[in-house]
Amino acid sequence: MRNILITMCLLLTTLAALPSYAAESDKPFADERIVLQISDADPFKQTLVLNVANNLIKHYGPDKVDVEIVAFGPGLRLMFNDNVNSGRISGLSDSGVKFSACKNTIAHMTKLLGEAPEINPNATPVPAGVVRIIDLQNQGFKLIKP
Amino acid sequence: MINKQIVIKAVSTALLLSATSVVHSANWLMLQGTEPQGAAERAKVWGFIQPEYQQTDGTKLQAGPWSGQNAQFNLIAPQRQTDSTFNIRRARLGVRGTGFPLDSKVNYFLLAEMGNNGITRPGGGNGAVRLTDASITLNHIPGARIRVGQFKTPTAEEGLQAIHVFDYVNFTNVTGQLMMERFFNGDGADTFVTPAGDSGPGGDPNLANGPVSAFRDIGIQVFDTFKVSDWEHSYAVMIGNGNGIARSDNDDNKDIYLYWSSELIYGGKGPRRDSLKLFVWNQDGKRTLTTSGAGEYDRTRTGVGVTFRKAKYRAAAEYIEGEGMIQNGTDGGAKPGSASNVSGTTASVNVATNGEADGYYLHFGYAVLPKLELDIRYDVYNRVTNVAVAERTFDTTTLGAQYFFNKKTRATINYEMRNAEAPNLPSSAPPNQILDGIDDLLSLQLITIF
């Protein structure tokens with residue numbers, strides 16, 4: 001009886017230690033999980049990161065790949081609501097691509113601009129972009145910085 | 001007759017349209033005056049180099065007081081010292097961007113010319129690096145962007161478009177003579193005695209008093225673009241000095257520019273996007289002369305046109321008319337400053353202060369291969385149509401080919417079959433004998449954009 005109880009405790013502990021994909025991801029059947037980083041000021045990088053996200057969706061299919069673009073530092077300009085790429089962002093969002101915007105960068109840019117920048121409604125503010133990337137990597141996401 | 005009221009109504013209609021996000025094709029107002037929002041560089045360095053070769057047969061003047069001397073129209077600009085020459089036609093270096101990348105509402109455009117042309121060496125004189133563009137655009141008011149500084153005026157298509165994507169080496173006669181403005185102190189009517197010096201009133205053979213306008217002015221422009229279905233409607237209203245580039249105004253008069261275009265977008269992006277564009281424009285101003293013919297004169301220009309680009313096909317047409325300050329060639333067709341064979345007269349550049357003129361061009365192009373395009377253009381210019389004996393007609397057929405080494409580097413060859421006549425004078429009259437001597441023009445140009 002005691003052995004059965006010990007075995008059950010060990011089993012529950014092991015299950016609790018497993019990465020909780022289902023709790024964090026809404027694509028439980030994805031074969032690949034990719035986090036794309038954009039932190040550069042170069043406008044070409046904006047186009048590139050969106051192209052990479054689009055190519056991933058096209059290759060794997062929207063349900064087989066989980067893609068999240070995390071923007072911080074000068075790269076946060078991609079998430080401005082008036083960004084010339086906002087139409088593409090809407091389209092990719094409809095295909096399941098997630099967008100995260102670093103709150104630390106938003107706060108810094110607010111100080112520089114004198115007012116908060118208007119962020120694309122498709123982007124989710126996260127406390128810190130680099131921490132978001134680390135968290136996603138810990139969940140099994142692969143980091144790509146185009 | 002193009003009515004300025006039509007242009008005003010078109011511009012007013014634009015202000016009632018709702019603005020949506022647009023992508024700019026051959027929309028020169030937006031391509032030159034704005035930067036991509038949220039995606040522009042702080043300072044993007046760019047420029048282009050255009051070396052070229054041009055030649056004519058160098059036929060001398062066949063009649064008139066300068067008979068046997070060089071014909072102005074058979075010499076190669078800007079120095080006009082020879083009928084064949086290599087030249088650095090244009091060499092421009094510029095920078096554009098947002099300055100403060102976090103704020104997309106402010107952008108700037110700066111460009112300087114270092115080539116050998118009418119901007120840097122007016123009338124073939126001493127050279128100088130010259131600022132062609134220096135502007136700031138404020139994008140704070142929806143539907144009304146404000147551009148301030150020196151920049152291209154919203155007028156004729158050949159002038160408004162970016163020169164580094166122009167399909168030909170030289171402008172049409174109507175654009176080159178009626179729209180590329182040269183500025184003078186007088187109308188050229190004074191007579192000067194040579195070779196010892198000038199003894200006539202005014203003191204000089206009426207040469208240009210500064211650089212050519214280069215289709216630019218210094219002022220302020222309100223403009224924007226609105227997308228309605230597949231159409232992109234644009235308007236511009238500008239007020240400028242009307243006294244050319246890189247200098248302040250010389251009188252109290254200001255030029256008013258009105259522009260409207262409607263463009264059906266087929267696809268692609270950038271200056272070579274596939275589209276059908278209809279446009280109309282008007283320029284209204286006054287000019288002041290201080291020597292011969294001293295006084296103020298109206299100067300009005302109006303144009304209407306269309307451009308088309310789809311897959312392998314290109315086409316364009318524009319009709320332009322003008323009243324007042326019509327540049328009216330040189331005395332006897334001679335190079336300005338040349339002493340005549342009799343009576344010691346010095347050739348001057350002339351201006352028909354109350355003259356009228358009109359002209360048009362048709363252009364067709366076909367991309368036979370991805371890297372090779374063939375072009376043909378026919379243009380007509382009727383100068384001083386309101387004075388029968390002074391009227392001159394120029395018609396030119398240009399055959400051209402462009403070879404694209406890549407999308408930023410191409411070679412262009414043009415052969416211009418040029419004709420001119422005084423249509424109301426007999427063929428034996430000296431003006432027609434002089435104009436019979438106008439040669440064809442061969443030009444080869446290479447350009448690389450960086």
# chains A, B, ... in the order shown; residues from 1 in each chain; ligands from 1
$ residues_around --residues "stretch 126-140 of chain B" --least-positions-apart "4" --cutoff "6 Å" --atoms "only C-alpha atoms" --output "number ranges by chain"
B: 105-114, 120-121, 145-151
$ residues_around --residues "B:Asp217" --least-positions-apart "2" --cutoff "8 Å" --atoms "only C-alpha atoms" --output "list in words"
Gln150, Phe151, Lys152, Thr153, Ser213, Phe215, Gly219, Gly240, Asn241, Gly242, Asn243, Gly244 and Ile245 of chain B
$ interface_residues --of "chain B" --to "chain A" --cutoff "12 Å" --atoms "only C-alpha atoms" --output "list in words"
Thr20, Ser21, Val22, Val23, His24, Thr34, Glu35, Pro36, Gln37, Gly38, Ala39, Ala40, Glu41, Arg42, Ala43, Lys44, Gly97, Thr98, Phe100, Pro101, Leu102, Asp103, Ser104, Lys105 and Asn139 of chain B
$ residues_around --residues "stretch 91-94 of chain A" --least-positions-apart "4" --cutoff "8 Å" --atoms "only C-alpha atoms" --output "VMD selection string"
chain A and resid 53 to 54 87 98 to 99 122
$ atom_distance --atom1 "atom CA of B:Arg299" --atom2 "atom CA of B:Thr385"
15.3 Å
$ select_by_dssp --residues "stretch 107-145 of chain A" --states "alpha helix (DSSP H)" --output "VMD selection string"
chain A and resid 107 to 113 129 to 138
$ write_last_selection --atoms "N, CA and C atoms" --output "PDB file, in the first residue's frame"
ATOM      1  N   ALA A 107       7.554  52.236 -22.523  1.00  0.00           N
ATOM      2  CA  ALA A 107       7.738  53.270 -21.501  1.00  0.00           C
ATOM      3  C   ALA A 107       8.869  54.221 -21.890  1.00  0.00           C
ATOM      4  N   HIS A 108       9.954  53.657 -22.410  1.00  0.00           N
ATOM      5  CA  HIS A 108      11.095  54.501 -22.812  1.00  0.00           C
ATOM      6  C   HIS A 108      10.712  55.418 -23.968  1.00  0.00           C
ATOM      7  N   MET A 109       9.994  54.860 -24.945  1.00  0.00           N
ATOM      8  CA  MET A 109       9.593  55.671 -26.101  1.00  0.00           C
ATOM      9  C   MET A 109       8.582  56.741 -25.686  1.00  0.00           C
ATOM     10  N   THR A 110       7.762  56.438 -24.688  1.00  0.00           N
ATOM     11  CA  THR A 110       6.812  57.432 -24.182  1.00  0.00           C
ATOM     12  C   THR A 110       7.550  58.643 -23.644  1.00  0.00           C
ATOM     13  N   LYS A 111       8.641  58.370 -22.924  1.00  0.00           N
ATOM     14  CA  LYS A 111       9.458  59.477 -22.386  1.00  0.00           C
ATOM     15  C   LYS A 111      10.043  60.305 -23.523  1.00  0.00           C
ATOM     16  N   LEU A 112      10.536  59.628 -24.579  1.00  0.00           N
ATOM     17  CA  LEU A 112      11.177  60.352 -25.686  1.00  0.00           C
ATOM     18  C   LEU A 112      10.167  61.143 -26.497  1.00  0.00           C
ATOM     19  N   LEU A 113       8.983  60.550 -26.680  1.00  0.00           N
ATOM     20  CA  LEU A 113       7.984  61.188 -27.535  1.00  0.00           C
ATOM     21  C   LEU A 113       7.152  62.229 -26.790  1.00  0.00           C
ATOM     22  N   GLY A 129      10.395  42.368 -23.430  1.00  0.00           N
ATOM     23  CA  GLY A 129      10.498  41.558 -24.635  1.00  0.00           C
ATOM     24  C   GLY A 129      11.524  40.449 -24.508  1.00  0.00           C
ATOM     25  N   VAL A 130      12.687  40.764 -23.935  1.00  0.00           N
ATOM     26  CA  VAL A 130      13.731  39.749 -23.856  1.00  0.00           C
ATOM     27  C   VAL A 130      13.318  38.633 -22.895  1.00  0.00           C
ATOM     28  N   VAL A 131      12.586  38.969 -21.861  1.00  0.00           N
ATOM     29  CA  VAL A 131      12.104  37.940 -20.915  1.00  0.00           C
ATOM     30  C   VAL A 131      11.072  37.063 -21.611  1.00  0.00           C
ATOM     31  N   ARG A 132      10.244  37.685 -22.441  1.00  0.00           N
ATOM     32  CA  ARG A 132       9.246  36.912 -23.192  1.00  0.00           C
ATOM     33  C   ARG A 132       9.940  35.890 -24.080  1.00  0.00           C
ATOM     34  N   ILE A 133      11.026  36.306 -24.726  1.00  0.00           N
ATOM     35  CA  ILE A 133      11.767  35.373 -25.584  1.00  0.00           C
ATOM     36  C   ILE A 133      12.330  34.222 -24.775  1.00  0.00           C
ATOM     37  N   ILE A 134      12.903  34.524 -23.596  1.00  0.00           N
ATOM     38  CA  ILE A 134      13.468  33.476 -22.743  1.00  0.00           C
ATOM     39  C   ILE A 134      12.374  32.500 -22.315  1.00  0.00           C
ATOM     40  N   ASP A 135      11.227  33.069 -21.929  1.00  0.00           N
ATOM     41  CA  ASP A 135      10.117  32.208 -21.492  1.00  0.00           C
ATOM     42  C   ASP A 135       9.679  31.284 -22.627  1.00  0.00           C
ATOM     43  N   LEU A 136       9.583  31.844 -23.828  1.00  0.00           N
ATOM     44  CA  LEU A 136       9.148  31.023 -24.959  1.00  0.00           C
ATOM     45  C   LEU A 136      10.185  29.944 -25.269  1.00  0.00           C
ATOM     46  N   GLN A 137      11.460  30.294 -25.158  1.00  0.00           N
ATOM     47  CA  GLN A 137      12.498  29.291 -25.391  1.00  0.00           C
ATOM     48  C   GLN A 137      12.396  28.166 -24.369  1.00  0.00           C
ATOM     49  N   ASN A 138      12.100  28.542 -23.133  1.00  0.00           N
ATOM     50  CA  ASN A 138      11.946  27.525 -22.092  1.00  0.00           C
ATOM     51  C   ASN A 138      10.756  26.614 -22.373  1.00  0.00           C
TER      52      ASN A 138
END
$ select_by_dssp --residues "chain A" --states "strand (DSSP E or B)" --output "list in words"
Glu32, Arg33, Ile34, Val35, Leu36, Gln37, Ile38, Val65, Asp66, Val67, Glu68, Ile69, Val70, Ala71, Phe80, Lys98, Phe99, Ser100, Ala101, Cys102, Ile119, Ala123, Thr124, Pro125, Val126, Lys142, Leu143 and Ile144 of chain A
$ closest_residue --among "B:Asn386, B:Ser338, B:Asn117, B:Asn209" --to "B:Gly355" --atoms "only C-alpha atoms"
B:Asn386
$ residues_around --residues "A:Val65" --least-positions-apart "5" --cutoff "7 Å" --atoms "only C-alpha atoms" --output "PyMOL selection string"
chain A and resi 30-33+57+60
$ residues_around --residues "B:Ala236" --least-positions-apart "2" --cutoff "6 Å" --atoms "only C-alpha atoms" --output "list in words"
Val222, Phe223, Leu258 and Tyr259 of chain B
$ write_last_selection --atoms "C-alpha atoms" --output "mmCIF file, in the first residue's frame"
data_model
loop_
_atom_site.group_PDB
_atom_site.id
_atom_site.type_symbol
_atom_site.label_atom_id
_atom_site.label_comp_id
_atom_site.auth_asym_id
_atom_site.auth_seq_id
_atom_site.Cartn_x
_atom_site.Cartn_y
_atom_site.Cartn_z
ATOM 1 C CA VAL B 222 -0.419 71.114 -49.085
ATOM 2 C CA PHE B 223 -1.071 67.673 -50.525
ATOM 3 C CA LEU B 258 -2.815 73.319 -58.496
ATOM 4 C CA TYR B 259 -2.576 69.597 -59.205
#
$ residues_around --residues "A:Ala71" --least-positions-apart "2" --cutoff "7 Å" --atoms "only C-alpha atoms" --output "JSON, numbers by chain"
{"A": [37, 38, 39, 69, 75, 76, 100, 101, 102, 129]}
$ residues_around --residues "stretch 440-449 of chain B" --least-positions-apart "4" --cutoff "9 Å" --atoms "only C-alpha atoms" --output "tab-separated table (two decimals) with C-alpha atoms, in the first residue's frame"
chain	number	residue	atom	x	y	z
B	46	TRP	CA	21.18	57.89	-51.91
B	47	GLY	CA	22.08	59.36	-55.28
B	48	PHE	CA	22.85	58.64	-58.91
B	49	ILE	CA	25.44	59.29	-61.60
B	50	GLN	CA	24.61	59.92	-65.27
B	51	PRO	CA	27.53	60.05	-67.69
B	52	GLU	CA	26.51	60.48	-71.32
B	53	TYR	CA	27.56	61.21	-74.86
B	54	GLN	CA	25.63	63.41	-77.32
B	55	GLN	CA	26.29	64.50	-80.85
B	56	THR	CA	24.76	66.20	-83.87
B	57	ASP	CA	26.19	66.79	-87.36
B	74	ASN	CA	23.17	71.96	-82.98
B	89	ARG	CA	24.92	65.14	-67.18
B	164	HIS	CA	16.55	58.86	-62.59
B	169	VAL	CA	17.77	61.18	-72.24
B	170	ASN	CA	16.29	64.57	-73.19
B	396	THR	CA	10.62	65.46	-82.93
B	407	LYS	CA	17.03	47.48	-61.57
B	408	LYS	CA	19.41	50.25	-60.44
B	409	THR	CA	21.69	50.47	-63.48
B	410	ARG	CA	20.70	50.94	-67.08
B	411	ALA	CA	21.96	52.23	-70.40
B	412	THR	CA	19.79	54.37	-72.69
B	413	ILE	CA	20.28	55.19	-76.34
B	414	ASN	CA	18.11	57.75	-78.12
B	415	TYR	CA	17.99	58.99	-81.70
B	416	GLU	CA	15.97	62.18	-82.11
B	417	MET	CA	14.73	63.05	-85.59
B	418	ARG	CA	14.23	66.78	-85.22
B	419	ASN	CA	12.35	69.18	-87.45
$ atom_distance --atom1 "atom CA of B:Leu372" --atom2 "atom CA of B:Phe279"
28.0 Å
$ atom_distance --atom1 "atom CA of B:Asn341" --atom2 "atom CA of B:Trp66"
5.7 Å
$ closest_residue --among "A:Leu48, A:Val35, A:Ile119, A:Met1" --to "A:Glu68" --atoms "only C-alpha atoms"
A:Val35
$ closest_residue --among "B:Phe184, B:Tyr168, B:Phe364, B:Tyr257" --to "B:Ile326" --atoms "only C-alpha atoms"
B:Phe184
